[in-house]
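**Q** Structure file coords_13.txt, compact mmCIF, C-alpha atoms, is pasted below:
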```txt
# COMPACT_ATOMS: atom_id res chain seq x y z
CA MET A 1 -50.24 -69.33 52.01
CA ASP A 2 -50.48 -71.15 48.66
CA LYS A 3 -51.05 -67.89 46.77
CA ILE A 4 -48.07 -66.26 48.47
CA LYS A 5 -45.85 -69.32 47.98
CA LEU A 6 -46.66 -69.37 44.28
CA ALA A 7 -46.06 -65.61 44.03
CA THR A 8 -42.63 -65.74 45.72
CA LYS A 9 -41.55 -68.52 43.33
CA SER A 10 -42.97 -66.61 40.37
CA VAL A 11 -41.05 -63.49 41.36
CA LEU A 12 -37.69 -65.08 42.15
CA PHE A 13 -37.61 -67.38 39.13
CA GLY A 14 -39.26 -64.74 36.95
CA VAL A 15 -36.37 -62.39 37.67
CA ALA A 16 -33.64 -65.05 37.42
CA VAL A 17 -34.82 -66.52 34.12
CA GLY A 18 -35.17 -63.12 32.45
CA ASP A 19 -31.74 -62.18 33.80
CA ALA A 20 -30.03 -65.40 32.63
CA LEU A 21 -31.52 -65.06 29.15
CA GLY A 22 -29.89 -61.64 28.87
CA VAL A 23 -26.45 -62.35 30.37
CA PRO A 24 -24.85 -63.87 27.23
CA VAL A 25 -25.76 -60.86 25.04
CA GLU A 26 -25.28 -58.01 27.53
CA PHE A 27 -23.89 -54.83 25.91
CA LYS A 28 -24.73 -56.01 22.39
CA SER A 29 -26.60 -53.46 20.30
CA ARG A 30 -30.18 -54.04 19.20
CA GLN A 31 -28.94 -54.16 15.61
CA ALA A 32 -26.35 -56.84 16.38
CA ILE A 33 -28.87 -58.97 18.28
CA SER A 34 -31.47 -58.60 15.52
CA ASN A 35 -29.12 -60.51 13.20
CA ASN A 36 -29.22 -63.46 15.60
CA PRO A 37 -32.12 -62.97 18.05
CA VAL A 38 -32.24 -64.71 21.41
CA THR A 39 -34.94 -67.38 21.23
CA ASP A 40 -33.82 -69.73 24.01
CA MET A 41 -31.61 -70.05 27.10
CA ILE A 42 -28.07 -69.90 25.75
CA GLY A 43 -24.71 -69.58 27.47
CA TYR A 44 -21.22 -68.16 27.08
CA GLY A 45 -21.26 -64.98 24.98
CA THR A 46 -20.38 -61.77 26.86
CA TYR A 47 -19.05 -63.38 30.06
CA ASP A 48 -18.28 -66.88 28.74
CA LEU A 49 -20.47 -68.51 31.40
CA PRO A 50 -22.74 -71.58 31.12
CA PRO A 51 -26.48 -71.33 30.34
CA GLY A 52 -28.65 -70.46 33.34
CA THR A 53 -26.10 -68.09 34.90
CA PHE A 54 -27.80 -65.12 36.52
CA SER A 55 -26.08 -61.79 37.19
CA ASP A 56 -26.00 -59.11 39.88
CA ASP A 57 -29.69 -58.39 39.20
CA SER A 58 -30.79 -61.74 40.61
CA SER A 59 -28.02 -62.00 43.21
CA LEU A 60 -29.08 -58.71 44.81
CA THR A 61 -32.75 -59.68 44.47
CA PHE A 62 -31.97 -62.85 46.42
CA CYS A 63 -29.94 -60.87 48.99
CA LEU A 64 -32.99 -58.66 49.60
CA ALA A 65 -35.37 -61.65 49.71
CA GLU A 66 -33.02 -63.41 52.15
CA ALA A 67 -33.08 -60.38 54.48
CA LEU A 68 -36.89 -60.31 54.28
CA THR A 69 -37.16 -63.88 55.57
CA LYS A 70 -36.39 -62.27 58.95
CA GLU A 71 -37.66 -59.07 60.59
CA PHE A 72 -37.34 -56.01 58.36
CA ASP A 73 -33.91 -54.49 58.95
CA LEU A 74 -32.28 -52.04 56.54
CA HIS A 75 -28.85 -52.80 57.98
CA ARG A 76 -29.30 -56.52 57.30
CA ILE A 77 -30.24 -55.83 53.69
CA GLY A 78 -27.18 -53.64 53.23
CA GLN A 79 -24.87 -56.18 54.82
CA ASN A 80 -26.22 -58.90 52.54
CA PHE A 81 -25.18 -56.72 49.60
CA VAL A 82 -21.69 -56.39 51.15
CA LYS A 83 -21.51 -60.18 51.61
CA TRP A 84 -22.40 -60.63 47.93
CA CYS A 85 -19.88 -58.10 46.61
CA HIS A 86 -16.98 -58.98 48.91
CA TYR A 87 -17.62 -62.62 49.82
CA ASN A 88 -19.58 -64.05 46.83
CA TYR A 89 -22.82 -64.58 48.82
CA TRP A 90 -25.74 -65.55 46.55
CA THR A 91 -23.56 -65.61 43.44
CA PRO A 92 -24.56 -68.16 40.78
CA ARG A 93 -21.18 -69.87 40.46
CA GLY A 94 -19.01 -68.61 43.31
CA HIS A 95 -17.85 -65.26 41.96
CA VAL A 96 -19.16 -61.78 41.16
CA PHE A 97 -18.75 -61.01 37.46
CA ASP A 98 -20.99 -57.98 36.94
CA ILE A 99 -21.61 -54.93 39.12
CA GLY A 100 -22.71 -51.37 38.38
CA ILE A 101 -20.50 -48.44 39.32
CA ALA A 102 -23.04 -46.76 41.62
CA THR A 103 -23.85 -50.07 43.30
CA ARG A 104 -20.18 -50.84 43.91
CA GLN A 105 -19.57 -47.37 45.36
CA ALA A 106 -22.58 -47.66 47.69
CA ILE A 107 -21.55 -51.14 48.85
CA ASN A 108 -18.03 -49.90 49.58
CA ARG A 109 -19.55 -47.14 51.71
CA LEU A 110 -21.70 -49.73 53.52
CA ALA A 111 -18.63 -51.85 54.18
CA LYS A 112 -16.97 -48.84 55.82
CA GLY A 113 -19.93 -48.37 58.15
CA GLU A 114 -22.15 -45.86 56.35
CA ARG A 115 -25.82 -45.84 57.35
CA PRO A 116 -27.70 -47.93 54.74
CA ASP A 117 -30.27 -45.22 53.94
CA LEU A 118 -27.42 -42.79 53.20
CA ALA A 119 -25.13 -45.13 51.25
CA GLY A 120 -26.66 -44.66 47.79
CA GLY A 121 -25.68 -41.78 45.53
CA THR A 122 -28.11 -38.86 45.31
CA GLU A 123 -26.69 -37.12 42.24
CA VAL A 124 -28.71 -36.99 38.99
CA SER A 125 -25.90 -39.06 37.45
CA SER A 126 -26.62 -41.83 39.98
CA ASN A 127 -29.78 -43.01 38.25
CA GLY A 128 -28.70 -46.32 36.85
CA ASN A 129 -31.13 -49.23 37.23
CA GLY A 130 -29.31 -50.84 40.17
CA SER A 131 -32.06 -50.45 42.76
CA LEU A 132 -34.94 -51.16 40.37
CA MET A 133 -33.41 -54.47 39.28
CA ARG A 134 -33.43 -55.92 42.82
CA ILE A 135 -36.46 -54.27 44.46
CA LEU A 136 -39.24 -56.75 43.66
CA PRO A 137 -39.14 -58.97 46.79
CA LEU A 138 -40.01 -55.85 48.81
CA LEU A 139 -43.53 -56.28 47.38
CA PHE A 140 -44.21 -59.00 49.94
CA TYR A 141 -43.21 -56.89 52.92
CA LEU A 142 -45.34 -53.98 51.69
CA LEU A 143 -48.54 -55.95 50.97
CA ASN A 144 -50.53 -54.80 54.00
CA LYS A 145 -49.00 -51.36 54.36
CA PRO A 146 -50.78 -48.08 53.42
CA LEU A 147 -49.65 -46.17 50.33
CA ASN A 148 -47.59 -43.51 52.11
CA GLU A 149 -45.71 -46.16 54.08
CA ARG A 150 -45.10 -48.19 50.91
CA TYR A 151 -43.48 -45.14 49.33
CA GLU A 152 -41.32 -44.34 52.38
CA ILE A 153 -40.07 -47.93 52.78
CA THR A 154 -39.38 -48.19 49.04
CA LYS A 155 -37.35 -44.98 49.32
CA LEU A 156 -35.27 -46.45 52.15
CA VAL A 157 -34.56 -49.72 50.34
CA SER A 158 -33.74 -48.02 47.03
CA SER A 159 -31.44 -45.56 48.82
CA ILE A 160 -29.12 -48.32 50.00
CA THR A 161 -27.60 -48.08 46.53
CA HIS A 162 -29.62 -45.40 44.68
CA GLY A 163 -30.89 -42.42 46.66
CA HIS A 164 -32.01 -40.00 43.94
CA VAL A 165 -35.76 -39.38 43.78
CA ARG A 166 -35.89 -40.59 40.16
CA SER A 167 -34.70 -44.05 41.16
CA VAL A 168 -37.08 -44.03 44.12
CA ILE A 169 -40.09 -43.13 41.94
CA SER A 170 -39.11 -45.85 39.45
CA CYS A 171 -39.00 -48.47 42.20
CA PHE A 172 -42.28 -47.18 43.65
CA TYR A 173 -44.09 -47.34 40.29
CA TYR A 174 -42.73 -50.84 39.63
CA LEU A 175 -43.77 -52.16 43.04
CA GLU A 176 -47.23 -50.60 42.76
CA PHE A 177 -47.66 -52.32 39.37
CA ALA A 178 -46.50 -55.59 40.93
CA ARG A 179 -48.87 -55.16 43.88
CA GLN A 180 -51.89 -54.96 41.57
CA LEU A 181 -50.64 -57.92 39.53
CA PHE A 182 -50.50 -59.87 42.79
CA GLU A 183 -54.15 -58.88 43.29
CA GLN A 184 -54.80 -60.37 39.82
CA LYS A 185 -55.98 -57.18 38.17
CA ASN A 186 -55.87 -56.69 34.41
CA LYS A 187 -52.52 -55.25 33.31
CA PHE A 188 -54.10 -52.45 31.24
CA GLU A 189 -56.41 -51.51 34.11
CA ILE A 190 -53.37 -51.38 36.39
CA TYR A 191 -51.59 -49.13 33.92
CA LYS A 192 -54.53 -46.70 33.93
CA ASP A 193 -54.99 -46.91 37.72
CA LEU A 194 -51.39 -45.99 38.33
CA GLN A 195 -51.60 -42.93 36.11
CA THR A 196 -53.91 -41.44 38.71
CA GLU A 197 -52.61 -43.09 41.89
CA ILE A 198 -48.88 -42.43 41.35
CA THR A 199 -49.37 -38.91 40.05
CA THR A 200 -51.62 -37.97 42.97
CA HIS A 201 -49.24 -39.38 45.56
CA LEU A 202 -46.09 -37.82 44.10
CA THR A 203 -47.84 -34.46 43.84
CA SER A 204 -48.94 -34.72 47.48
CA LEU A 205 -45.28 -35.17 48.47
CA SER A 206 -44.34 -31.89 46.75
CA ILE A 207 -41.78 -33.67 44.60
CA ASN A 208 -40.19 -31.43 41.99
CA GLU A 209 -42.63 -31.23 39.05
CA ALA A 210 -39.78 -31.61 36.56
CA GLU A 211 -38.96 -35.02 38.08
CA ILE A 212 -42.58 -36.20 37.86
CA LYS A 213 -42.77 -34.96 34.26
CA LEU A 214 -39.95 -37.33 33.29
CA PHE A 215 -42.45 -40.15 33.87
CA ASP A 216 -45.04 -38.71 31.43
CA ARG A 217 -44.78 -41.61 28.97
CA LEU A 218 -46.00 -43.90 31.75
CA LEU A 219 -48.23 -41.49 33.69
CA LYS A 220 -49.91 -39.62 30.82
CA GLU A 221 -49.49 -41.60 27.61
CA ASN A 222 -50.13 -45.13 26.32
CA ILE A 223 -46.61 -46.50 26.23
CA HIS A 224 -47.77 -49.79 24.67
CA GLU A 225 -48.73 -47.89 21.50
CA LEU A 226 -45.13 -46.80 20.89
CA PRO A 227 -43.00 -48.59 18.27
CA PRO A 228 -39.87 -50.49 19.35
CA GLU A 229 -37.56 -47.74 18.08
CA SER A 230 -39.08 -45.39 20.68
CA ILE A 231 -38.14 -47.73 23.54
CA SER A 232 -34.62 -47.45 24.94
CA SER A 233 -32.87 -50.26 26.79
CA SER A 234 -29.80 -48.68 28.34
CA GLY A 235 -28.82 -48.95 32.00
CA TYR A 236 -30.66 -45.71 32.86
CA VAL A 237 -33.41 -46.45 35.38
CA LEU A 238 -36.22 -44.78 33.46
CA HIS A 239 -35.30 -46.62 30.26
CA THR A 240 -35.41 -49.95 32.08
CA LEU A 241 -38.74 -49.20 33.74
CA GLU A 242 -40.36 -48.04 30.49
CA ALA A 243 -38.97 -50.99 28.54
CA SER A 244 -40.25 -53.51 31.09
CA ILE A 245 -43.77 -52.07 31.13
CA TRP A 246 -43.76 -51.87 27.31
CA CYS A 247 -42.67 -55.51 27.00
CA LEU A 248 -45.31 -56.61 29.50
CA LEU A 249 -48.13 -54.71 27.77
CA THR A 250 -47.22 -55.72 24.21
CA THR A 251 -47.01 -59.49 24.78
CA ASP A 252 -49.37 -62.09 26.24
CA ASN A 253 -47.13 -64.69 27.89
CA TYR A 254 -43.96 -64.91 29.99
CA GLN A 255 -41.72 -66.28 27.26
CA ASP A 256 -42.54 -63.58 24.71
CA ALA A 257 -42.24 -60.80 27.29
CA VAL A 258 -38.73 -61.70 28.42
CA LEU A 259 -37.45 -62.52 24.93
CA LYS A 260 -38.77 -59.19 23.71
CA ALA A 261 -36.95 -57.49 26.59
CA VAL A 262 -33.63 -59.23 25.94
CA ASN A 263 -33.78 -58.61 22.19
CA LEU A 264 -33.98 -54.85 22.81
CA GLY A 265 -30.22 -55.05 23.34
CA GLU A 266 -27.77 -53.11 25.56
CA ASP A 267 -28.58 -53.78 29.23
CA THR A 268 -30.17 -57.09 28.31
CA ASP A 269 -29.87 -58.91 31.63
CA THR A 270 -31.50 -56.12 33.63
CA THR A 271 -34.28 -55.41 31.13
CA GLY A 272 -34.91 -59.17 31.09
CA ALA A 273 -34.88 -59.42 34.89
CA VAL A 274 -37.14 -56.42 35.52
CA THR A 275 -39.60 -57.56 32.83
CA GLY A 276 -39.34 -61.16 34.03
CA GLY A 277 -40.32 -60.32 37.59
CA LEU A 278 -43.58 -58.71 36.54
CA ALA A 279 -44.28 -61.34 33.86
CA GLY A 280 -43.69 -64.08 36.43
CA LEU A 281 -46.29 -62.49 38.71
CA LEU A 282 -48.74 -61.95 35.87
CA TYR A 283 -48.61 -65.41 34.29
CA GLY A 284 -47.55 -67.51 37.28
CA PHE A 285 -44.61 -69.81 37.91
CA GLU A 286 -46.25 -72.64 35.98
CA ASN A 287 -46.10 -70.55 32.80
CA ILE A 288 -42.36 -69.84 32.97
CA PRO A 289 -40.88 -72.43 30.55
CA SER A 290 -39.83 -75.34 32.75
CA ASN A 291 -36.75 -76.13 30.65
CA TRP A 292 -35.48 -72.60 31.39
CA VAL A 293 -36.26 -72.87 35.10
CA LYS A 294 -34.37 -76.17 35.36
CA GLU A 295 -31.25 -74.61 33.85
CA ILE A 296 -31.02 -71.77 36.37
CA ALA A 297 -27.93 -71.96 38.59
CA ARG A 298 -28.75 -72.76 42.24
CA HIS A 299 -32.28 -73.77 41.31
CA ASP A 300 -32.89 -75.64 44.58
CA ASP A 301 -31.50 -72.78 46.69
CA ILE A 302 -33.83 -70.32 44.97
CA GLU A 303 -36.79 -72.62 45.50
CA ASN A 304 -35.88 -72.93 49.18
CA LEU A 305 -35.59 -69.13 49.49
CA ALA A 306 -39.04 -68.69 47.92
CA VAL A 307 -40.54 -71.10 50.48
CA ARG A 308 -38.86 -69.33 53.42
CA LEU A 309 -39.93 -65.90 52.16
CA ALA A 310 -43.53 -67.06 51.71
CA LYS A 311 -43.51 -68.55 55.22
CA LYS A 312 -42.35 -65.25 56.71
CA VAL A 313 -44.98 -63.28 54.76
CA ALA A 314 -47.76 -65.68 55.80
CA ASN A 315 -46.73 -65.58 59.47
CA GLY A 316 -46.27 -61.81 59.55
```
For the structure just supplied, provide its representation as structure tokens.
**A**
Amino acid sequence: MDKIKLATKSVLFGVAVGDALGVPVEFKSRQAISNNPVTDMIGYGTYDLPPGTFSDDSSLTFCLAEALTKEFDLHRIGQNFVKWCHYNYWTPRGHVFDIGIATRQAINRLAKGERPDLAGGTEVSSNGNGSLMRILPLLFYLLNKPLNERYEITKLVSSITHGHVRSVISCFYYLEFARQLFEQKNKFEIYKDLQTEITTHLTSLSINEAEIKLFDRLLKENIHELPPESISSSGYVLHTLEASIWCLLTTDNYQDAVLKAVNLGEDTDTTGAVTGGLAGLLYGFENIPSNWVKEIARHDDIENLAVRLAKKVANG
């Protein structure tokens, strides 16, 4: 129980802190940020909100985690997203201030009664990072499931907002990386393991080879050897996934990983959140700067959610 309790806190605060660091500079270019790099938890900026304000990334992460404190139910997850978007559920300060186009469209379909696994867009153009940014709590539900089931459940949960196979693969890769971090494996060994494991599984599913090939920088190359100018940080799901793994592999502590992510510019809150979730798992809650954790909006509510999620995981 203690290991799981620590991991749920590490994940939820890892995501929220990385997210909140990025919120004030979201949409700023890398060049603009390089003139005044983010080095600490600041506020205001893009949305004129106080320090510690998390965005849709964390809100939807918490909505998923909240659903997972009960029996797994895709409908419940989807309805939590509707409650967030339409009724300000799990918002940091009582209102929604940031939402992706594909996510909004999917949530509107959910609100009208669409089946959750069919609500997300399946077009190539629907490959923003909106399912990747919120997927991490699913790790805890998948812990004791076999590989093929982990993939199928990940597909379902991604498809609530993002149903294209590219988004699904991105979420699957990310959760498999997180799973091995939870098992306390070396991050470079995980990276190498996944090159074989993910490739083999995707091939066995007869997924379009062109789609798998898009992941070559992760599945065939050493992404950590690439220079910063080769790493993109837009809202495209593959850019966010690559950037988060690159930030994790090229730093050696939580603080440096998330600051590196945020200072890449553009979709700063999501790159920070996605990197922060993995870095939280890798380094542990106790190594997330405590002054940043204390500033996070709804700190006590997040802590309570982490405890309830861990209790559900421990009790099965």
**Q** Residues at most 12 Å from Asn304 of chain A, counting all atoms listed in the file, excluding those fewer than 2 positions away in the same chain, as number ranges by chain?
**A** A: 5, 8-9, 12-13, 62, 65-66, 69, 298-302, 306-311
**Q** With all atoms listed in the file as the basis for distance, which of A:Thr250, A:Thr154, A:Ser206, A:Ser159 is at the shortest distance from Ala102 of chain A?
**A**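 Between A:Thr250, A:Thr154, A:Ser206, A:Ser159, the residue approaching Ala102 of chain A most closely is A:Ser159.
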**Q** Considering only C-alpha atoms, state which residue in the set A:Asn186, A:Thr122, A:Thr271, A:Ser34 is at the smallest distance from Ser234 of chain A.
**A**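 Of A:Asn186, A:Thr122, A:Thr271, A:Ser34, the one nearest Ser234 of chain A is A:Thr271, counting only C-alpha atoms.
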**Q** Please check which residues have atoms at most 8 Å from (-22.5, -55.3, 58.5) in the file's coordinates, counting all atoms listed in the file, and write them as an MDAnalysis selection string.
**A** chainID A and resid 75:76 78:80 82 110:111 113
**Q** Could you tell me how far atom CA of Ile77 of chain A lies from atom CA of Val157 of chain A, in Å and to one decimal?
**A**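 Computing it gives 8.2 Å between the two atoms.
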**Q** For a quick check of your reading of the model, name the residues lying within 6 Å of the coordinate (-38.5, -49.9, 34.2), counting all atoms listed in the file, and write them as a ChimeraX atom specification.
**A** /A:238,240-244
**Q** For Leu214 of chain A, which of A:Ser167, A:Pro51, A:Thr275, A:Arg104 is the closest residue, counting all atoms listed in the file?
**A**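 So, comparing all the options, the nearest one is A:Ser167.
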**Q** Could you jot down the atom CA of Gly272 of chain A to atom CA of Leu147 of chain A separation for me, Å, one decimal place?
**A**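 That distance, rounded to one decimal, is 27.5 Å.
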**Q** Hey, which of A:Cys247, A:Leu264, A:Ala178, A:Val313 ends up closest to Val11 of chain A? Count only C-alpha atoms.
**A** A:Ala178
**Q** Quick one: distance from atom CA of Gly265 of chain A to atom CA of Ser29 of chain A in Å, one decimal?
**A**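 That distance, rounded to one decimal, is 5.0 Å.
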**Q** Between A:Lys112, A:Arg93, A:Arg30, A:Arg134, single out the one closest to Ser232 of chain A, counting only C-alpha atoms.
**A**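 Distance minimum relative to Ser232 of chain A lands on A:Arg30.
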**Q** With 12 Å as the cut-off and all atoms listed in the file counted, what is the closest atom pair between each nearby residue of segment 228-288 of chain A and segment 42-46 of chain A? Distances in Å to one decimal, ordered by chain and number, as CSV.
**A**
```
residue,atom,partner,partner_atom,distance
A:Leu259,CA,A:Ile42,CA,12.0
A:Glu266,CA,A:Thr46,CA,11.5
A:Asp267,CA,A:Thr46,CA,11.7
A:Thr268,CA,A:Thr46,CA,10.9
A:Asp269,CA,A:Thr46,CA,11.0
```
**Q** Choose the residue, out of A:Ser125, A:Ala67, A:Leu305, A:Glu176, that has the smallest atom-to-atom separation from Lys145 of chain A; count all atoms listed in the file.
**A**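 Between A:Ser125, A:Ala67, A:Leu305, A:Glu176, the residue approaching Lys145 of chain A most closely is A:Glu176.
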**Q** Env of Leu181 of chain A: 9 Å cut, atoms = only C-alpha atoms, seq-sep filter 6 positions within chain, self excluded. Answer as an mmCIF file with C-alpha atoms, keeping the file's coordinate frame.
**A**
```cif
data_model
loop_
_atom_site.group_PDB
_atom_site.id
_atom_site.type_symbol
_atom_site.label_atom_id
_atom_site.label_comp_id
_atom_site.auth_asym_id
_atom_site.auth_seq_id
_atom_site.Cartn_x
_atom_site.Cartn_y
_atom_site.Cartn_z
ATOM 1 C CA LYS A 187 -52.520 -55.250 33.310
ATOM 2 C CA ILE A 190 -53.370 -51.380 36.390
ATOM 3 C CA LEU A 278 -43.580 -58.710 36.540
ATOM 4 C CA LEU A 281 -46.290 -62.490 38.710
ATOM 5 C CA LEU A 282 -48.740 -61.950 35.870
#
```
**Q** Can you build me a table of segment 244-267 of chain A residues sitting at most 12 Å from segment 285-294 of chain A, with the closest atom pair per residue and its distance in Å to one decimal, using all atoms listed in the file, sorted by chain and residue number, as CSV?
**A**
```
residue,atom,partner,partner_atom,distance
A:Asp252,CA,A:Asn287,CA,11.2
A:Asn253,CA,A:Asn287,CA,7.7
A:Tyr254,CA,A:Ile288,CA,6.0
A:Gln255,CA,A:Ile288,CA,6.8
A:Asp256,CA,A:Ile288,CA,10.4
A:Ala257,CA,A:Ile288,CA,10.7
A:Val258,CA,A:Ile288,CA,10.0
A:Leu259,CA,A:Pro289,CA,11.9
```
**Q** Using all atoms of segment 73-88 of chain A that appear in the file, construct an axis-aligned enclosing box with 3 Å of padding on every side and provide its centre coordinates and edge lengths in Å, rounded to one decimal, as lines of an AutoDock Vina configuration file.
**A**
```
center_x = -25.4
center_y = -58.0
center_z = 52.8
size_x = 22.9
size_y = 18.0
size_z = 18.3
```
